[in-house]
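As stored in model.tsv (TSV, C-alpha atoms):
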```tsv
chain	number	residue	atom	x	y	z
B	1	MET	CA	-11.00	11.04	-7.29
B	2	THR	CA	-7.96	9.55	-8.97
B	3	PRO	CA	-8.63	9.03	-12.71
B	4	ALA	CA	-9.03	5.53	-14.13
B	5	GLY	CA	-5.82	4.20	-15.64
B	6	THR	CA	-3.66	5.85	-12.99
B	7	ARG	CA	-0.63	3.99	-11.69
B	8	TRP	CA	-0.34	4.01	-7.90
B	9	ILE	CA	3.29	4.12	-6.76
B	10	GLY	CA	3.98	4.33	-3.05
B	11	THR	CA	6.08	3.33	-0.10
B	12	SER	CA	5.62	2.42	3.54
B	13	TRP	CA	8.47	3.46	5.82
B	14	LYS	CA	7.51	0.87	8.44
B	15	MET	CA	9.21	1.61	11.80
B	16	THR	CA	11.92	3.92	10.44
B	17	LYS	CA	12.77	7.65	10.37
B	18	SER	CA	12.95	10.32	13.05
B	19	LEU	CA	10.83	13.45	12.69
B	20	ALA	CA	13.82	15.29	11.21
B	21	GLU	CA	14.40	12.51	8.67
B	22	ALA	CA	10.71	12.42	7.78
B	23	ARG	CA	10.66	16.18	7.28
B	24	ARG	CA	13.73	16.10	5.02
B	25	TYR	CA	12.20	13.31	2.93
B	26	ALA	CA	8.88	15.11	2.51
B	27	THR	CA	10.51	18.46	1.79
B	28	THR	CA	12.73	16.95	-0.90
B	29	LEU	CA	9.79	15.10	-2.44
B	30	THR	CA	7.72	18.28	-2.49
B	31	ALA	CA	10.50	20.18	-4.25
B	32	ALA	CA	10.73	17.43	-6.87
B	33	ALA	CA	6.98	17.24	-7.48
B	34	ARG	CA	6.78	20.09	-9.96
B	35	PRO	CA	3.55	20.26	-11.99
B	36	GLY	CA	3.45	17.67	-14.76
B	37	ARG	CA	6.50	15.71	-13.64
B	38	TRP	CA	4.60	12.49	-12.88
B	39	PRO	CA	1.64	12.38	-15.27
B	40	GLY	CA	-0.58	9.35	-14.88
B	41	LEU	CA	0.83	8.51	-11.44
B	42	GLN	CA	-0.61	8.77	-7.95
B	43	PRO	CA	2.37	8.77	-5.59
B	44	PHE	CA	1.80	8.02	-1.90
B	45	VAL	CA	3.90	7.74	1.24
B	46	ILE	CA	3.02	5.93	4.45
B	47	PRO	CA	5.16	7.08	7.40
B	48	PRO	CA	4.91	5.85	10.99
B	49	ALA	CA	2.11	7.42	13.03
B	50	THR	CA	4.53	9.67	14.90
B	51	ALA	CA	5.47	11.42	11.65
B	52	LEU	CA	2.05	11.85	10.04
B	53	THR	CA	1.59	15.53	10.88
B	54	THR	CA	5.25	16.31	10.17
B	55	VAL	CA	4.96	14.84	6.68
B	56	ARG	CA	1.55	16.44	6.14
B	57	ASP	CA	2.95	19.88	6.90
B	58	ALA	CA	5.94	19.41	4.58
B	59	LEU	CA	3.94	17.80	1.77
B	60	PRO	CA	1.20	20.23	0.67
B	61	PRO	CA	-1.74	19.15	-1.54
B	62	SER	CA	-0.09	20.89	-4.49
B	63	ALA	CA	2.60	18.17	-4.47
B	64	GLY	CA	-0.03	15.62	-5.51
B	65	VAL	CA	1.31	12.97	-3.11
B	66	LEU	CA	-1.19	11.15	-0.89
B	67	LEU	CA	-0.38	10.54	2.76
B	68	GLY	CA	-1.20	7.23	4.39
B	69	ALA	CA	-1.22	5.58	7.80
B	70	GLN	CA	0.23	2.14	8.47
B	71	ASN	CA	-2.68	0.97	10.61
B	72	ALA	CA	-5.84	2.11	12.37
B	73	HIS	CA	-8.27	0.56	14.84
B	74	TRP	CA	-11.82	-0.35	13.88
B	75	ALA	CA	-13.34	1.66	16.76
B	76	ASP	CA	-13.78	5.41	16.48
B	77	ASP	CA	-12.58	5.98	20.06
B	78	GLY	CA	-12.42	4.30	23.45
B	79	ALA	CA	-10.15	2.41	25.83
B	80	TRP	CA	-7.75	0.95	23.27
B	81	THR	CA	-4.37	1.80	24.75
B	82	GLY	CA	-1.63	2.23	22.18
B	83	GLU	CA	-3.98	2.25	19.18
B	84	VAL	CA	-5.03	5.05	16.83
B	85	SER	CA	-8.46	5.40	15.24
B	86	VAL	CA	-9.42	6.19	11.67
B	87	PRO	CA	-10.72	9.64	12.68
B	88	GLN	CA	-7.38	10.32	14.38
B	89	VAL	CA	-5.24	9.41	11.37
B	90	ALA	CA	-7.60	11.39	9.13
B	91	ASP	CA	-7.21	14.37	11.44
B	92	ALA	CA	-3.42	13.96	11.10
B	93	GLY	CA	-3.71	14.17	7.31
B	94	ALA	CA	-3.93	10.55	6.14
B	95	ARG	CA	-6.07	9.69	3.12
B	96	LEU	CA	-4.97	6.06	2.80
B	97	VAL	CA	-4.86	3.44	5.55
B	98	GLU	CA	-2.78	0.30	5.14
B	99	ILE	CA	-4.70	-2.71	6.44
B	100	GLY	CA	-3.78	-6.38	6.79
B	101	HIS	CA	-0.03	-6.33	6.17
B	102	SER	CA	1.46	-9.77	6.79
B	103	GLU	CA	3.50	-8.43	9.73
B	104	ARG	CA	0.30	-7.23	11.37
B	105	ARG	CA	-1.36	-10.57	10.68
B	106	GLU	CA	1.56	-12.63	12.01
B	107	HIS	CA	2.72	-10.60	15.00
B	108	PHE	CA	-0.24	-8.51	16.14
B	109	GLY	CA	-3.23	-10.78	15.80
B	110	ASP	CA	-4.86	-9.17	12.78
B	111	THR	CA	-7.16	-12.03	11.82
B	112	ASP	CA	-9.41	-11.96	8.78
B	113	ASP	CA	-12.21	-10.67	11.04
B	114	VAL	CA	-10.02	-7.87	12.41
B	115	VAL	CA	-8.97	-6.91	8.90
B	116	ARG	CA	-12.62	-6.82	7.80
B	117	ARG	CA	-13.56	-4.54	10.71
B	118	LYS	CA	-10.71	-2.18	9.89
B	119	VAL	CA	-11.58	-2.04	6.20
B	120	GLN	CA	-15.17	-1.18	7.08
B	121	ALA	CA	-14.04	1.54	9.51
B	122	VAL	CA	-11.81	3.14	6.89
B	123	LEU	CA	-14.60	3.10	4.31
B	124	ARG	CA	-17.10	4.44	6.85
B	125	HIS	CA	-14.97	7.53	7.33
B	126	GLY	CA	-14.39	8.14	3.62
B	127	LEU	CA	-10.72	7.16	3.49
B	128	ASP	CA	-9.13	4.64	1.12
B	129	PRO	CA	-8.13	1.25	2.52
B	130	LEU	CA	-4.94	-0.26	1.12
B	131	LEU	CA	-5.70	-3.92	1.73
B	132	CYS	CA	-2.64	-6.17	1.84
B	133	VAL	CA	-2.98	-9.85	0.93
B	134	GLY	CA	-0.37	-12.52	0.33
B	135	GLU	CA	0.57	-16.12	0.90
B	136	PRO	CA	3.48	-17.62	2.88
B	137	ALA	CA	6.14	-19.76	1.22
B	138	ALA	CA	4.59	-23.05	2.35
B	139	VAL	CA	1.27	-22.21	0.72
B	140	ARG	CA	3.03	-21.22	-2.47
B	141	ALA	CA	5.02	-24.47	-2.50
B	142	ALA	CA	1.79	-26.43	-2.14
B	143	GLY	CA	0.23	-24.62	-5.09
B	144	GLY	CA	-2.36	-22.79	-3.00
B	145	SER	CA	-1.40	-19.16	-3.67
B	146	VAL	CA	-4.46	-18.11	-5.63
B	147	GLU	CA	-7.06	-19.57	-3.29
B	148	HIS	CA	-5.24	-18.32	-0.16
B	149	VAL	CA	-5.13	-14.76	-1.45
B	150	LEU	CA	-8.70	-14.82	-2.72
B	151	ASP	CA	-9.89	-16.07	0.67
B	152	GLN	CA	-8.13	-13.15	2.36
B	153	ALA	CA	-9.68	-10.65	-0.04
B	154	ARG	CA	-13.17	-12.13	0.25
B	155	ALA	CA	-13.00	-12.09	4.05
B	156	ALA	CA	-11.74	-8.50	4.15
B	157	LEU	CA	-14.47	-7.18	1.85
B	158	ALA	CA	-17.35	-9.23	3.27
B	159	GLY	CA	-20.22	-6.93	4.15
B	160	ALA	CA	-18.64	-3.88	2.51
B	161	ALA	CA	-21.54	-2.20	0.74
B	162	ASP	CA	-19.34	-0.05	-1.48
B	163	PRO	CA	-15.70	-1.16	-1.60
B	164	GLY	CA	-14.94	1.01	-4.62
B	165	GLN	CA	-12.33	3.01	-2.70
B	166	VAL	CA	-10.29	-0.10	-1.81
B	167	LEU	CA	-6.85	-0.67	-3.26
B	168	VAL	CA	-5.52	-4.20	-3.00
B	169	ALA	CA	-1.79	-4.81	-2.62
B	170	TYR	CA	-0.64	-8.33	-3.42
B	171	GLU	CA	2.42	-8.87	-1.25
B	172	PRO	CA	3.51	-12.52	-1.09
B	173	VAL	CA	5.02	-13.11	2.33
B	174	TRP	CA	7.99	-14.94	0.84
B	175	ALA	CA	8.90	-11.88	-1.25
B	176	ILE	CA	8.78	-9.09	1.32
B	177	GLY	CA	11.41	-7.87	3.75
B	178	GLU	CA	15.17	-7.70	3.77
B	179	HIS	CA	15.53	-11.42	3.12
B	180	GLY	CA	12.61	-11.82	0.73
B	181	THR	CA	12.94	-13.52	-2.63
B	182	PRO	CA	12.14	-11.11	-5.48
B	183	ALA	CA	9.17	-12.34	-7.46
B	184	ARG	CA	9.33	-12.89	-11.19
B	185	PRO	CA	6.44	-11.77	-13.39
B	186	ASP	CA	5.21	-15.34	-13.76
B	187	ASP	CA	5.10	-15.66	-9.97
B	188	VAL	CA	2.73	-12.71	-9.83
B	189	ALA	CA	0.59	-12.99	-12.94
B	190	ASP	CA	-1.83	-15.77	-11.91
B	191	VAL	CA	-2.60	-14.30	-8.50
B	192	VAL	CA	-3.09	-10.76	-9.78
B	193	ALA	CA	-5.29	-12.01	-12.61
B	194	ALA	CA	-7.39	-13.99	-10.13
B	195	LEU	CA	-7.80	-10.93	-7.89
B	196	ALA	CA	-8.84	-8.80	-10.87
B	197	ALA	CA	-11.31	-11.43	-12.03
B	198	GLU	CA	-12.77	-11.93	-8.56
B	199	LEU	CA	-12.98	-8.28	-7.50
B	200	GLY	CA	-13.41	-6.61	-10.87
B	201	PRO	CA	-14.70	-3.04	-10.71
B	202	ARG	CA	-15.46	-3.43	-6.99
B	203	VAL	CA	-11.97	-2.12	-6.18
B	204	ARG	CA	-9.78	0.69	-7.51
B	205	GLY	CA	-6.93	-1.55	-8.56
B	206	VAL	CA	-4.40	-4.22	-7.63
B	207	LEU	CA	-0.87	-3.20	-6.70
B	208	TYR	CA	2.14	-5.47	-6.37
B	209	GLY	CA	4.59	-5.29	-3.47
B	210	GLY	CA	7.52	-7.43	-2.37
B	211	SER	CA	11.23	-6.76	-3.02
B	212	VAL	CA	10.38	-4.16	-5.66
B	213	ASP	CA	13.26	-1.96	-6.79
B	214	ARG	CA	14.43	-0.03	-9.85
B	215	ALA	CA	15.90	-3.21	-11.36
B	216	ASN	CA	12.60	-5.14	-11.51
B	217	MET	CA	9.90	-2.46	-11.41
B	218	HIS	CA	9.33	-2.30	-15.16
B	219	GLU	CA	8.77	-6.01	-15.62
B	220	LEU	CA	6.36	-6.03	-12.67
B	221	LEU	CA	4.45	-3.04	-14.00
B	222	ALA	CA	4.12	-4.88	-17.31
B	223	VAL	CA	2.19	-7.75	-15.70
B	224	ASP	CA	-1.46	-7.71	-16.80
B	225	HIS	CA	-3.83	-6.22	-14.20
B	226	VAL	CA	-1.06	-4.66	-12.08
B	227	SER	CA	-2.20	-1.10	-11.31
B	228	GLY	CA	0.92	0.02	-9.48
B	229	LEU	CA	3.62	-0.81	-6.96
B	230	PHE	CA	3.85	-0.78	-3.17
B	231	ILE	CA	7.52	-0.44	-2.28
B	232	GLY	CA	9.48	-0.94	0.91
B	233	ARG	CA	13.13	-0.29	1.65
B	234	ALA	CA	14.05	0.47	-1.98
B	235	ALA	CA	12.09	3.73	-1.61
B	236	TRP	CA	13.15	4.72	1.92
B	237	ASP	CA	15.73	7.03	0.37
B	238	VAL	CA	13.84	9.93	-1.18
B	239	ASP	CA	16.12	10.23	-4.20
B	240	ALA	CA	15.56	6.55	-4.95
B	241	PHE	CA	11.79	7.03	-4.65
B	242	ILE	CA	11.91	9.98	-7.03
B	243	GLN	CA	13.86	7.84	-9.54
B	244	ILE	CA	11.25	5.09	-9.20
B	245	LEU	CA	8.48	7.60	-9.90
B	246	ASP	CA	10.33	8.90	-12.94
B	247	GLY	CA	10.79	5.33	-14.14
B	248	ALA	CA	7.09	4.56	-13.69
B	249	VAL	CA	6.20	7.53	-15.89
B	250	ALA	CA	8.39	6.07	-18.60
B	251	ALA	CA	6.41	2.83	-18.36
B	252	GLY	CA	3.27	4.68	-19.49
B	253	PRO	CA	-0.32	4.39	-18.19
B	254	THR	CA	-1.56	1.21	-16.67
B	255	SER	CA	-3.28	-1.29	-18.93
B	256	ALA	CA	-4.85	-3.02	-15.93
B	257	THR	CA	-8.37	-4.14	-16.60
B	258	SER	CA	-11.02	-5.18	-14.18
```

Take the structure in the file and write it out as structure tokens.
Amino acid sequence: MTPAGTRWIGTSWKMTKSLAEARRYATTLTAAARPGRWPGLQPFVIPPATALTTVRDALPPSAGVLLGAQNAHWADDGAWTGEVSVPQVADAGARLVEIGHSERREHFGDTDDVVRRKVQAVLRHGLDPLLCVGEPAAVRAAGGSVEHVLDQARAALAGAADPGQVLVAYEPVWAIGEHGTPARPDDVADVVAALAAELGPRVRGVLYGGSVDRANMHELLAVDHVSGLFIGRAAWDVDAFIQILDGAVAAGPTSATS
């Protein structure tokens, strides 16, 4: 169990990296993760499914870095061509499962009901869901960010008897990706505060993701109720990720409250 007050700092590689590139990344990260280097942090990496076992083998438990999967089906097995199940990603070494990313919602039909089923499957098998929520630009412009994100979170956690293992990542759609607009702290504060007030101790924490890099990470970590950062392309280079981890240590323990 990760201690209370821990900052979660992680990255999803999306559809990038060969097996050789994944191995080099994990090997370099393992070498950097000497005991005591990142106190108060829980680093995590989420490679593509093809690289899960490669990263697992190059990233031993002693490194203190959690391994995640970018997606998993709600069924334990069956005729679901092209999908992977929660037991399969767990068998490959994953402890986190990313659920509900906006790209999955937009392009692959992950409705609120699908997201809910996946969250329940991850919890059923004792893994930690990383639930992504976030509003598109049009909703933000109309002033509906808070209610949109709360609706997504409520739908995803409906019927979850014990969601205490869930991490929530607030990733506004307008801020993510190569052409996203970096969010300012005041763009984030109201939504994160609303998530913390709504979910309280029912979840492990609220992370922020969306055009995060070394230039803006400290001001985002300083936002009340932000328990960590979920980073994309700015952490795809392992040396950059290590620098981000070092910088997060300098920021001190999270003051996020539930």

### Message
When you count all atoms listed in the file, which of these residues is closest to Leu29 of chain B: B:Val226, B:Ile244, B:Gly109, B:Asp239?
### Response
B:Asp239

### Task
To one decimal in Å, tell me the separation between atom CA of Glu178 of chain B and atom CA of Val133 of chain B.
18.5 Å

### For Pro253 of chain B, the nearest of the candidates B:Leu41, B:Ala32, B:Ala155, B:Leu19, counting all atoms listed in the file
B:Leu41

### Message
Just checking: using only C-alpha atoms, which residue out of B:Ala72, B:Leu229, B:Val192, B:Val166 ends up closest to Asp110 of chain B?
### Response
B:Ala72

### Query
Looking at all atoms listed in the file, which of B:His107, B:Arg202, B:Lys118, B:His218 is the one that sits closest to Val86 of chain B?
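Among the listed residues, the smallest separation from Val86 of chain B belongs to B:Lys118.
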
### Message
Residues within 10 Å of (-17.8, -0.1, -1.5), file coordinates, counting only C-alpha atoms: what are they? Give the list as a list in words.
### Response
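Residues satisfying the cut-off, written out: Gln120, Leu123, Arg124, Leu157, Gly159, Ala160, Ala161, Asp162, Pro163, Gly164, Gln165, Val166, Arg202 and Val203 of chain B.
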
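Considering all atoms listed in the file, the residue among B:Ala194, B:Leu52, B:Ala33, B:Ile242 positioned nearest to Glu147 of chain B is B:Ala194.
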
### Query
For Leu67 of chain B, which of B:Ala51, B:Ala94, B:Val89, B:Leu131 is the closest residue, counting all atoms listed in the file?
B:Ala94

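Across the structure, atom CA of Ala240 of chain B and atom CA of Leu207 of chain B are spaced 19.2 Å apart.
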
Could you give me, as a PDB file with C-alpha atoms, keeping the file's coordinate frame, the residues that have an atom at most 12 Å away from the point (6.8, 16.9, -9.9) in the coordinates of the file, using all atoms listed in the file?
```pdb
ATOM      1  CA  THR B  28      12.730  16.950  -0.900  1.00  0.00           C
ATOM      2  CA  LEU B  29       9.790  15.100  -2.440  1.00  0.00           C
ATOM      3  CA  THR B  30       7.720  18.280  -2.490  1.00  0.00           C
ATOM      4  CA  ALA B  31      10.500  20.180  -4.250  1.00  0.00           C
ATOM      5  CA  ALA B  32      10.730  17.430  -6.870  1.00  0.00           C
ATOM      6  CA  ALA B  33       6.980  17.240  -7.480  1.00  0.00           C
ATOM      7  CA  ARG B  34       6.780  20.090  -9.960  1.00  0.00           C
ATOM      8  CA  PRO B  35       3.550  20.260 -11.990  1.00  0.00           C
ATOM      9  CA  GLY B  36       3.450  17.670 -14.760  1.00  0.00           C
ATOM     10  CA  ARG B  37       6.500  15.710 -13.640  1.00  0.00           C
ATOM     11  CA  TRP B  38       4.600  12.490 -12.880  1.00  0.00           C
ATOM     12  CA  PRO B  39       1.640  12.380 -15.270  1.00  0.00           C
ATOM     13  CA  GLY B  40      -0.580   9.350 -14.880  1.00  0.00           C
ATOM     14  CA  LEU B  41       0.830   8.510 -11.440  1.00  0.00           C
ATOM     15  CA  GLN B  42      -0.610   8.770  -7.950  1.00  0.00           C
ATOM     16  CA  PRO B  43       2.370   8.770  -5.590  1.00  0.00           C
ATOM     17  CA  SER B  62      -0.090  20.890  -4.490  1.00  0.00           C
ATOM     18  CA  ALA B  63       2.600  18.170  -4.470  1.00  0.00           C
ATOM     19  CA  GLY B  64      -0.030  15.620  -5.510  1.00  0.00           C
ATOM     20  CA  VAL B  65       1.310  12.970  -3.110  1.00  0.00           C
ATOM     21  CA  ILE B 242      11.910   9.980  -7.030  1.00  0.00           C
ATOM     22  CA  GLN B 243      13.860   7.840  -9.540  1.00  0.00           C
ATOM     23  CA  LEU B 245       8.480   7.600  -9.900  1.00  0.00           C
ATOM     24  CA  ASP B 246      10.330   8.900 -12.940  1.00  0.00           C
ATOM     25  CA  VAL B 249       6.200   7.530 -15.890  1.00  0.00           C
TER      26      VAL B 249
END
```

### Task
In Å, rounded to a single decimal, give me how far atom CA of Ala158 of chain B is from atom CA of Asp113 of chain B.
9.4 Å

### Query
Excluding same-chain residues fewer than 3 positions from Asp237 of chain B, what lies within 12 Å of it counting all atoms listed in the file, as a ChimeraX atom specification?
/B:11-13,16-17,21-22,24-26,28-29,45,213,231-234,240-244
